file model.cif (mmCIF, C-alpha atoms)
data_my_file
loop_
_atom_site.label_atom_id
_atom_site.label_comp_id
_atom_site.auth_asym_id
_atom_site.auth_seq_id
_atom_site.Cartn_x
_atom_site.Cartn_y
_atom_site.Cartn_z
CA MET A 1031 -51.72 -99.47 36.76
CA THR A 1032 -54.33 -99.32 33.99
CA ILE A 1033 -52.95 -98.81 30.50
CA ARG A 1034 -55.43 -96.75 28.51
CA THR A 1035 -55.23 -97.95 24.92
CA VAL A 1036 -56.44 -96.93 21.45
CA LEU A 1037 -56.61 -99.39 18.53
CA VAL A 1038 -56.20 -98.09 14.97
CA ASP A 1039 -56.85 -100.27 11.91
CA ASP A 1040 -58.92 -99.90 8.75
CA GLU A 1041 -59.84 -103.61 8.90
CA PRO A 1042 -62.65 -104.17 11.46
CA LEU A 1043 -61.78 -107.87 11.83
CA ALA A 1044 -58.18 -107.02 12.68
CA THR A 1045 -59.36 -104.56 15.35
CA GLN A 1046 -61.78 -107.11 16.82
CA GLY A 1047 -59.12 -109.82 16.86
CA LEU A 1048 -56.59 -107.64 18.66
CA GLN A 1049 -59.22 -106.45 21.12
CA LEU A 1050 -60.09 -110.07 21.97
CA ARG A 1051 -56.42 -110.88 22.62
CA LEU A 1052 -56.03 -107.81 24.83
CA GLU A 1053 -58.96 -108.91 27.01
CA ALA A 1054 -56.65 -111.52 28.52
CA HIS A 1055 -54.62 -108.69 30.07
CA ASP A 1056 -56.45 -107.14 33.01
CA ASP A 1057 -54.47 -103.89 33.01
CA ILE A 1058 -55.34 -103.01 29.39
CA GLU A 1059 -58.35 -100.76 28.89
CA VAL A 1060 -59.35 -100.05 25.28
CA VAL A 1061 -60.78 -96.53 25.43
CA ALA A 1062 -61.32 -96.00 21.69
CA THR A 1063 -60.87 -97.48 18.23
CA ALA A 1064 -60.27 -95.72 14.92
CA ALA A 1065 -60.59 -96.88 11.32
CA ASN A 1066 -58.25 -94.38 9.66
CA GLY A 1067 -55.46 -91.93 10.39
CA ARG A 1068 -57.59 -88.83 10.86
CA GLU A 1069 -59.88 -90.61 13.30
CA ALA A 1070 -56.81 -91.86 15.12
CA ILE A 1071 -55.39 -88.37 15.67
CA ARG A 1072 -58.75 -87.11 16.97
CA ALA A 1073 -59.11 -90.11 19.30
CA ILE A 1074 -55.58 -89.76 20.67
CA LYS A 1075 -55.93 -86.03 21.29
CA THR A 1076 -59.33 -86.57 22.94
CA HIS A 1077 -58.60 -89.58 25.12
CA LYS A 1078 -54.86 -89.02 25.75
CA PRO A 1079 -54.10 -92.78 25.93
CA ASP A 1080 -50.96 -94.37 27.30
CA LEU A 1081 -50.64 -96.77 24.37
CA VAL A 1082 -51.72 -96.96 20.71
CA PHE A 1083 -51.69 -100.07 18.52
CA LEU A 1084 -51.31 -98.51 15.08
CA ASP A 1085 -51.77 -100.11 11.66
CA ILE A 1086 -49.23 -98.79 9.15
CA GLN A 1087 -50.97 -99.17 5.80
CA MET A 1088 -54.28 -97.34 5.79
CA PRO A 1089 -55.87 -95.47 2.88
CA GLY A 1090 -54.97 -91.80 2.63
CA PHE A 1091 -53.33 -91.23 6.00
CA ASP A 1092 -50.94 -94.02 7.06
CA GLY A 1093 -49.59 -94.86 10.51
CA PHE A 1094 -46.41 -92.79 10.12
CA SER A 1095 -48.55 -89.77 9.21
CA VAL A 1096 -50.47 -90.29 12.45
CA VAL A 1097 -47.25 -90.05 14.45
CA GLN A 1098 -46.25 -86.88 12.58
CA GLY A 1099 -49.69 -85.43 13.23
CA LEU A 1100 -49.12 -85.64 16.99
CA LEU A 1101 -45.96 -83.57 17.20
CA ASP A 1102 -47.83 -80.79 18.98
CA VAL A 1103 -48.89 -82.99 21.92
CA GLU A 1104 -47.17 -85.39 24.28
CA PRO A 1105 -47.33 -88.64 22.31
CA PRO A 1106 -48.39 -92.00 23.74
CA LEU A 1107 -46.36 -95.17 23.30
CA PHE A 1108 -46.84 -96.70 19.86
CA VAL A 1109 -46.86 -100.33 18.77
CA PHE A 1110 -47.07 -100.70 15.00
CA VAL A 1111 -49.13 -103.60 13.66
CA THR A 1112 -48.91 -104.60 10.01
CA ALA A 1113 -48.86 -107.45 7.53
CA TYR A 1114 -45.72 -106.10 5.83
CA GLY A 1115 -42.31 -106.71 7.40
CA GLU A 1116 -40.43 -104.19 5.24
CA HIS A 1117 -41.66 -101.31 7.42
CA ALA A 1118 -39.91 -102.57 10.56
CA LEU A 1119 -36.84 -100.29 10.58
CA ARG A 1120 -38.88 -97.19 9.79
CA ALA A 1121 -41.24 -98.10 12.62
CA PHE A 1122 -38.40 -98.14 15.13
CA GLU A 1123 -37.02 -94.91 13.72
CA ALA A 1124 -40.43 -93.46 14.62
CA GLN A 1125 -39.66 -94.44 18.24
CA ALA A 1126 -42.13 -97.33 18.35
CA VAL A 1127 -41.99 -99.59 21.39
CA ASP A 1128 -42.46 -102.64 19.19
CA TYR A 1129 -43.56 -103.91 15.79
CA LEU A 1130 -46.08 -106.75 15.46
CA MET A 1131 -46.88 -108.81 12.40
CA LYS A 1132 -50.44 -109.79 11.53
CA PRO A 1133 -51.99 -112.07 12.59
CA VAL A 1134 -50.81 -111.07 16.05
CA ASP A 1135 -49.37 -113.96 18.04
CA GLU A 1136 -50.55 -114.11 21.67
CA ASP A 1137 -47.10 -114.86 23.12
CA ARG A 1138 -45.52 -112.11 21.05
CA LEU A 1139 -48.23 -109.70 22.19
CA SER A 1140 -47.52 -110.59 25.83
CA GLN A 1141 -43.83 -109.79 25.32
CA THR A 1142 -44.74 -106.45 23.77
CA LEU A 1143 -47.02 -105.55 26.68
CA GLU A 1144 -44.23 -106.30 29.15
CA ARG A 1145 -42.04 -103.81 27.30
CA VAL A 1146 -44.89 -101.29 27.41
CA ARG A 1147 -45.34 -101.76 31.17
CA GLN A 1148 -41.63 -101.29 31.75
CA ARG A 1149 -41.53 -98.10 29.66
CA LEU A 1150 -44.59 -96.64 31.42
CA THR A 1151 -43.18 -97.46 34.86
CA GLU A 1152 -39.89 -95.76 34.01
CA LYS A 1153 -41.72 -92.75 32.58
CA ARG A 1154 -43.98 -92.33 35.61
CA SER A 1155 -41.09 -92.80 38.04
CA ALA A 1156 -39.09 -90.11 36.22
CA GLU A 1157 -42.09 -87.75 36.28
CA GLU A 1158 -42.62 -88.30 40.01
CA ALA A 1159 -38.92 -87.74 40.73
CA GLY A 1160 -39.01 -84.56 38.67
CA ARG A 1161 -42.05 -83.24 40.52
CA LEU A 1162 -40.42 -84.03 43.87
CA LYS A 1163 -37.23 -82.24 42.87
CA GLU A 1164 -39.18 -79.19 41.70
CA ALA A 1165 -41.17 -79.09 44.94
CA LEU A 1166 -38.04 -79.39 47.06
CA THR A 1167 -36.23 -76.74 45.05
CA GLU A 1168 -39.14 -74.34 45.50
CA HIS A 1169 -40.06 -75.00 49.13
CA ALA A 1170 -36.93 -76.52 50.69
CA PRO A 1171 -33.83 -75.72 48.61
CA GLU A 1172 -31.45 -76.99 51.31
CA ALA A 1173 -33.16 -80.38 51.30
CA ALA A 1174 -32.90 -80.50 47.51
CA GLU A 1175 -29.15 -79.92 47.71
CA GLU A 1176 -28.79 -82.64 50.36
CA LEU A 1177 -30.75 -85.06 48.17
CA ALA A 1178 -28.48 -84.33 45.21
CA ASP A 1179 -25.35 -84.80 47.34
CA ALA A 1180 -26.68 -88.08 48.74
CA THR A 1181 -27.08 -89.65 45.27
CA PRO A 1182 -23.77 -89.11 43.46
CA ASP A 1183 -22.98 -90.83 40.19
CA VAL A 1184 -20.68 -93.78 40.81
CA ALA A 1185 -18.46 -94.84 37.93
CA PRO A 1186 -18.37 -98.63 37.46
CA ALA A 1187 -15.06 -100.45 37.43
CA PRO A 1188 -13.49 -100.61 33.93
CA GLY A 1189 -13.30 -104.42 33.97
CA ARG A 1190 -17.07 -104.83 33.99
CA TYR A 1191 -17.59 -103.58 30.41
CA GLU A 1192 -18.32 -105.89 27.51
CA LYS A 1193 -15.58 -106.88 25.09
CA MET A 1194 -17.86 -108.95 22.85
CA ILE A 1195 -21.58 -108.41 22.19
CA ASN A 1196 -23.85 -111.17 20.91
CA ILE A 1197 -26.37 -109.93 18.35
CA LYS A 1198 -29.18 -112.06 16.95
CA ASP A 1199 -30.03 -110.74 13.51
CA GLN A 1200 -31.93 -112.40 10.66
CA GLY A 1201 -31.95 -115.76 12.43
CA GLN A 1202 -28.18 -115.77 13.04
CA ILE A 1203 -26.11 -114.92 16.11
CA PHE A 1204 -23.14 -112.63 15.49
CA ARG A 1205 -20.35 -112.09 18.02
CA VAL A 1206 -19.18 -108.53 17.59
CA ASP A 1207 -15.90 -107.27 19.03
CA VAL A 1208 -16.72 -103.89 20.60
CA ASP A 1209 -13.40 -102.54 19.29
CA THR A 1210 -14.85 -102.76 15.76
CA ILE A 1211 -18.06 -100.85 16.59
CA GLU A 1212 -17.81 -97.43 14.98
CA ARG A 1213 -21.13 -95.98 16.04
CA ILE A 1214 -24.55 -96.97 17.37
CA ASP A 1215 -27.77 -95.36 16.17
CA ALA A 1216 -31.01 -95.66 18.13
CA ALA A 1217 -34.24 -96.65 16.39
CA GLY A 1218 -36.83 -96.90 19.14
CA ASP A 1219 -35.96 -99.84 21.39
CA TYR A 1220 -33.61 -101.23 18.74
CA MET A 1221 -29.97 -100.29 18.19
CA CYS A 1222 -28.32 -100.20 14.76
CA ILE A 1223 -24.74 -101.35 15.40
CA GLN A 1224 -22.42 -99.95 12.71
CA THR A 1225 -19.03 -101.62 12.31
CA GLY A 1226 -17.87 -99.63 9.30
CA ASP A 1227 -18.68 -102.29 6.72
CA ASN A 1228 -21.75 -103.89 8.32
CA THR A 1229 -24.96 -102.98 10.15
CA LEU A 1230 -26.59 -105.25 12.71
CA ILE A 1231 -29.83 -104.73 14.64
CA LEU A 1232 -29.81 -105.29 18.40
CA ARG A 1233 -33.03 -105.27 20.42
CA GLU A 1234 -32.04 -103.21 23.44
CA THR A 1235 -32.53 -99.70 24.71
CA MET A 1236 -29.71 -97.17 24.41
CA LYS A 1237 -29.76 -96.66 28.18
CA ASP A 1238 -29.10 -100.36 28.82
CA LEU A 1239 -26.49 -100.64 26.08
CA GLU A 1240 -24.56 -97.66 27.45
CA LYS A 1241 -24.16 -99.51 30.74
CA ARG A 1242 -22.38 -102.33 28.90
CA LEU A 1243 -19.86 -100.11 27.08
CA ASP A 1244 -16.80 -98.35 28.50
CA PRO A 1245 -17.69 -94.64 28.70
CA ARG A 1246 -14.03 -93.73 28.28
CA ARG A 1247 -14.36 -94.91 24.68
CA PHE A 1248 -18.07 -94.90 23.82
CA GLN A 1249 -19.80 -91.56 24.21
CA ARG A 1250 -23.18 -90.23 23.18
CA VAL A 1251 -22.80 -87.28 20.79
CA HIS A 1252 -26.47 -86.90 19.98
CA ARG A 1253 -29.72 -87.93 21.61
CA SER A 1254 -29.79 -91.05 19.43
CA THR A 1255 -26.12 -91.69 18.54
CA ILE A 1256 -23.11 -93.18 20.36
CA VAL A 1257 -19.64 -93.14 18.78
CA ASN A 1258 -16.43 -95.01 19.45
CA LEU A 1259 -14.00 -92.17 20.24
CA ASP A 1260 -11.03 -94.35 19.26
CA LEU A 1261 -12.33 -94.40 15.68
CA VAL A 1262 -12.74 -90.62 15.31
CA ARG A 1263 -10.28 -89.29 12.72
CA GLN A 1264 -11.31 -85.65 12.32
CA VAL A 1265 -13.40 -82.95 13.99
CA LYS A 1266 -15.09 -80.50 11.59
CA PRO A 1267 -16.63 -77.35 13.13
CA HIS A 1268 -20.19 -76.52 12.09
CA THR A 1269 -22.61 -73.68 12.86
CA ASN A 1270 -24.23 -72.79 16.19
CA GLY A 1271 -21.62 -74.57 18.28
CA GLU A 1272 -22.23 -77.92 16.59
CA CYS A 1273 -19.62 -79.97 14.76
CA PHE A 1274 -19.13 -83.18 12.80
CA LEU A 1275 -16.97 -86.15 13.73
CA VAL A 1276 -15.41 -87.96 10.78
CA LEU A 1277 -15.03 -91.67 11.55
CA ASP A 1278 -12.64 -94.30 10.18
CA SER A 1279 -15.14 -95.39 7.53
CA GLY A 1280 -15.56 -91.81 6.31
CA ALA A 1281 -19.00 -91.50 7.89
CA GLN A 1282 -19.78 -88.12 9.44
CA VAL A 1283 -21.74 -87.80 12.68
CA LYS A 1284 -23.12 -84.50 13.92
CA VAL A 1285 -22.40 -83.58 17.53
CA SER A 1286 -25.26 -81.54 18.97
CA ARG A 1287 -24.56 -78.60 21.27
CA SER A 1288 -25.82 -80.58 24.27
CA TYR A 1289 -22.92 -83.01 23.86
CA ARG A 1290 -20.14 -80.68 22.73
CA ASP A 1291 -18.14 -81.46 25.88
CA VAL A 1292 -17.29 -84.74 24.14
CA VAL A 1293 -15.37 -82.80 21.50
CA ALA A 1294 -13.22 -81.18 24.19
CA ARG A 1295 -11.44 -84.54 24.54
CA PHE A 1296 -9.90 -83.99 21.10
CA VAL A 1297 -8.72 -80.44 21.77
CA HIS A 1298 -5.34 -80.34 23.52
#

call {"tool": "encode", "arguments": {"input": "model.cif", "output": "structure tokens"}}
result
Amino acid sequence: MTIRTVLVDDEPLATQGLQLRLEAHDDIEVVATAANGREAIRAIKTHKPDLVFLDIQMPGFDGFSVVQGLLDVEPPLFVFVTAYGEHALRAFEAQAVDYLMKPVDEDRLSQTLERVRQRLTEKRSAEEAGRLKEALTEHAPEAAEELADATPDVAPAPGRYEKMINIKDQGQIFRVDVDTIERIDAAGDYMCIQTGDNTLILRETMKDLEKRLDPRRFQRVHRSTIVNLDLVRQVKPHTNGECFLVLDSGAQVKVSRSYRDVVARFVH
């Protein structure tokens, strides 16, 4: 699998240095480089890369503006590269795969590329499965039904779920009792664990974290939010079939229409 890649940085030396490091990875093909945000958008729309290494601070049109400028196309995976650590959380909120500090460390880059490979493999597998399902539904509907029946969802045993989660944050390891977790907000491949009076950052995908939590208590109420149902104190109806959950801390979380079945648990 070749990963078609675009490099974006207004510093030519930074681009050259990253390109040299990427040469050690045989599956990375740099198809274009760009020196500013506008060039980046043109290059991405033209070459349709799998991956973009994107500098954040560029004159006029920064890295976040590049992401916003691609809302009308299927975006590639983004890795933000910058000399300024204060942009990290915003980078993950922009659904970045990772966030690298300059100068880019070779071992850290290798870890990032492994995450990229995993994400691309999952994406391509999902696309292939979707195409197969569509083809079966169109040409052999009975076979499609048999395939669906043959792969039922199996609920894991309750005893397998985590009671404590270890979170490494700011050089320290925190042991968090899952009973105290009020909600979890996704920021790219990082999770913001909210315990009511504290926020910790966990490097893990929402999909993997969901497998570790008891679904009888922890439910997704939005594409990027999980709540602890035991800590819901009020349900407030909103417009268009949406509503808000008021949590123990007083925080309000919107429940999108796609997840309104969760609210049914509170209606007796």

call {"tool": "resolve_selection", "arguments": {"input": "model.cif", "expression": "the PyMOL selection byres ((chain A and resi 1056-1065) around 7)", "output": "list in words"}}
result
Met1031, Thr1032, Ile1033, Arg1034, Thr1035, Val1036, Leu1037, Val1038, Asp1039, Asp1040, Leu1052, Glu1053, Ala1054, His1055, Asn1066, Glu1069, Ala1070 and Ala1073 of chain A

call {"tool": "atom_distance", "arguments": {"input": "model.cif", "atom1": "atom CA of A:Met1221", "atom2": "atom CA of A:Glu1234"}}
result
6.4 Å

call {"tool": "atom_distance", "arguments": {"input": "model.cif", "atom1": "atom CA of A:Phe1094", "atom2": "atom CA of A:Gly1218"}}
result
13.8 Å

call {"tool": "closest_residue", "arguments": {"input": "model.cif", "among": "A:Asp1260, A:Glu1041, A:Asp1219, A:Glu1212", "to": "A:Leu1107", "atoms": "only C-alpha atoms"}}
result
A:Asp1219

call {"tool": "atom_distance", "arguments": {"input": "model.cif", "atom1": "atom CA of A:Ser1279", "atom2": "atom CA of A:His1252"}}
result
18.9 Å

call {"tool": "resolve_selection", "arguments": {"input": "model.cif", "expression": "the PyMOL selection byres ((chain A and resi 1220) around 10)", "output": "PyMOL selection string"}}
result
chain A and resi 1119+1122-1123+1125-1128+1215-1219+1221-1223+1231-1236

call {"tool": "residues_around", "arguments": {"input": "model.cif", "residues": "A:Gly1280", "least_positions_apart": "6", "cutoff": "10 Å", "atoms": "only C-alpha atoms", "output": "PDB file with C-alpha atoms, in the frame of the given file"}}
result
ATOM      1  CA  GLY A1226     -17.870 -99.630   9.300  1.00  0.00           C
ATOM      2  CA  VAL A1262     -12.740 -90.620  15.310  1.00  0.00           C
ATOM      3  CA  ARG A1263     -10.280 -89.290  12.720  1.00  0.00           C
ATOM      4  CA  GLN A1264     -11.310 -85.650  12.320  1.00  0.00           C
TER       5      GLN A1264
END

call {"tool": "closest_residue", "arguments": {"input": "model.cif", "among": "A:Asp1080, A:Leu1277, A:Pro1089, A:Asn1228", "to": "A:Arg1147", "atoms": "only C-alpha atoms"}}
result
A:Asp1080

call {"tool": "residues_around", "arguments": {"input": "model.cif", "residues": "A:Val1251", "least_positions_apart": "6", "cutoff": "8 Å", "atoms": "all atoms listed in the file", "output": "list of chain:residue names"}}
result
A:Val1257, A:Lys1284, A:Val1285, A:Ser1286, A:Tyr1289, A:Arg1290, A:Val1292

call {"tool": "residues_around", "arguments": {"input": "model.cif", "residues": "A:Lys1075", "least_positions_apart": "2", "cutoff": "12 Å", "atoms": "only C-alpha atoms", "output": "ChimeraX atom specification"}}
result
/A:1036,1062,1068-1073,1077-1080,1082,1096-1097,1099-1106

call {"tool": "residues_around", "arguments": {"input": "model.cif", "residues": "A:Ile1195", "least_positions_apart": "2", "cutoff": "8 Å", "atoms": "only C-alpha atoms", "output": "list in words"}}
result
Glu1192, Lys1193, Ile1197, Arg1205, Val1206, Asp1207 and Val1208 of chain A

call {"tool": "residues_near_point", "arguments": {"input": "model.cif", "point": "(-47.2, -106.7, 15.7)", "cutoff": "9 Å", "atoms": "all atoms listed in the file", "output": "JSON, numbers by chain"}}
result
{"A": [1083, 1085, 1109, 1110, 1111, 1112, 1113, 1128, 1129, 1130, 1131, 1132, 1133, 1134, 1135, 1138, 1139, 1142]}

call {"tool": "decode", "arguments": {"input": "model.cif", "residues": "stretch 1047-1066 of chain A", "atoms": "N, CA and C atoms", "output": "PDB file, in the first residue's frame"}}
result
ATOM      1  N   GLY A1047      13.845  18.663   5.297  1.00  0.00           N
ATOM      2  CA  GLY A1047      14.202  17.770   6.395  1.00  0.00           C
ATOM      3  C   GLY A1047      13.180  16.665   6.587  1.00  0.00           C
ATOM      4  N   LEU A1048      11.900  17.012   6.520  1.00  0.00           N
ATOM      5  CA  LEU A1048      10.849  16.005   6.668  1.00  0.00           C
ATOM      6  C   LEU A1048      10.872  15.038   5.491  1.00  0.00           C
ATOM      7  N   GLN A1049      11.101  15.556   4.299  1.00  0.00           N
ATOM      8  CA  GLN A1049      11.139  14.692   3.125  1.00  0.00           C
ATOM      9  C   GLN A1049      12.274  13.680   3.223  1.00  0.00           C
ATOM     10  N   LEU A1050      13.424  14.106   3.752  1.00  0.00           N
ATOM     11  CA  LEU A1050      14.551  13.188   3.930  1.00  0.00           C
ATOM     12  C   LEU A1050      14.200  12.079   4.923  1.00  0.00           C
ATOM     13  N   ARG A1051      13.526  12.436   6.004  1.00  0.00           N
ATOM     14  CA  ARG A1051      13.136  11.432   7.002  1.00  0.00           C
ATOM     15  C   ARG A1051      12.113  10.450   6.430  1.00  0.00           C
ATOM     16  N   LEU A1052      11.237  10.943   5.583  1.00  0.00           N
ATOM     17  CA  LEU A1052      10.213  10.070   4.998  1.00  0.00           C
ATOM     18  C   LEU A1052      10.794   9.104   3.973  1.00  0.00           C
ATOM     19  N   GLU A1053      11.961   9.411   3.425  1.00  0.00           N
ATOM     20  CA  GLU A1053      12.586   8.511   2.447  1.00  0.00           C
ATOM     21  C   GLU A1053      12.939   7.161   3.047  1.00  0.00           C
ATOM     22  N   ALA A1054      13.046   7.095   4.372  1.00  0.00           N
ATOM     23  CA  ALA A1054      13.347   5.831   5.037  1.00  0.00           C
ATOM     24  C   ALA A1054      12.145   4.891   5.062  1.00  0.00           C
ATOM     25  N   HIS A1055      10.981   5.399   4.655  1.00  0.00           N
ATOM     26  CA  HIS A1055       9.752   4.599   4.682  1.00  0.00           C
ATOM     27  C   HIS A1055       9.318   4.328   3.248  1.00  0.00           C
ATOM     28  N   ASP A1056       9.464   3.082   2.819  1.00  0.00           N
ATOM     29  CA  ASP A1056       9.263   2.731   1.414  1.00  0.00           C
ATOM     30  C   ASP A1056       7.836   2.956   0.924  1.00  0.00           C
ATOM     31  N   ASP A1057       6.861   2.935   1.817  1.00  0.00           N
ATOM     32  CA  ASP A1057       5.478   3.063   1.369  1.00  0.00           C
ATOM     33  C   ASP A1057       4.995   4.510   1.290  1.00  0.00           C
ATOM     34  N   ILE A1058       5.870   5.476   1.605  1.00  0.00           N
ATOM     35  CA  ILE A1058       5.504   6.885   1.531  1.00  0.00           C
ATOM     36  C   ILE A1058       5.967   7.478   0.201  1.00  0.00           C
ATOM     37  N   GLU A1059       5.031   8.036  -0.533  1.00  0.00           N
ATOM     38  CA  GLU A1059       5.349   8.704  -1.795  1.00  0.00           C
ATOM     39  C   GLU A1059       4.926  10.167  -1.690  1.00  0.00           C
ATOM     40  N   VAL A1060       5.897  11.076  -1.696  1.00  0.00           N
ATOM     41  CA  VAL A1060       5.596  12.505  -1.650  1.00  0.00           C
ATOM     42  C   VAL A1060       5.224  12.953  -3.054  1.00  0.00           C
ATOM     43  N   VAL A1061       3.941  13.295  -3.242  1.00  0.00           N
ATOM     44  CA  VAL A1061       3.458  13.641  -4.586  1.00  0.00           C
ATOM     45  C   VAL A1061       3.463  15.142  -4.827  1.00  0.00           C
ATOM     46  N   ALA A1062       3.580  15.950  -3.764  1.00  0.00           N
ATOM     47  CA  ALA A1062       3.604  17.402  -3.939  1.00  0.00           C
ATOM     48  C   ALA A1062       4.036  18.065  -2.642  1.00  0.00           C
ATOM     49  N   THR A1063       4.546  19.288  -2.773  1.00  0.00           N
ATOM     50  CA  THR A1063       4.845  20.122  -1.615  1.00  0.00           C
ATOM     51  C   THR A1063       4.170  21.477  -1.838  1.00  0.00           C
ATOM     52  N   ALA A1064       3.924  22.190  -0.749  1.00  0.00           N
ATOM     53  CA  ALA A1064       3.301  23.509  -0.837  1.00  0.00           C
ATOM     54  C   ALA A1064       3.926  24.408   0.219  1.00  0.00           C
ATOM     55  N   ALA A1065       4.043  25.702  -0.123  1.00  0.00           N
ATOM     56  CA  ALA A1065       4.718  26.646   0.767  1.00  0.00           C
ATOM     57  C   ALA A1065       3.751  27.546   1.521  1.00  0.00           C
ATOM     58  N   ASN A1066       2.460  27.427   1.236  1.00  0.00           N
ATOM     59  CA  ASN A1066       1.476  28.231   1.965  1.00  0.00           C
ATOM     60  C   ASN A1066       0.111  27.542   1.884  1.00  0.00           C
TER      61      ASN A1066
END
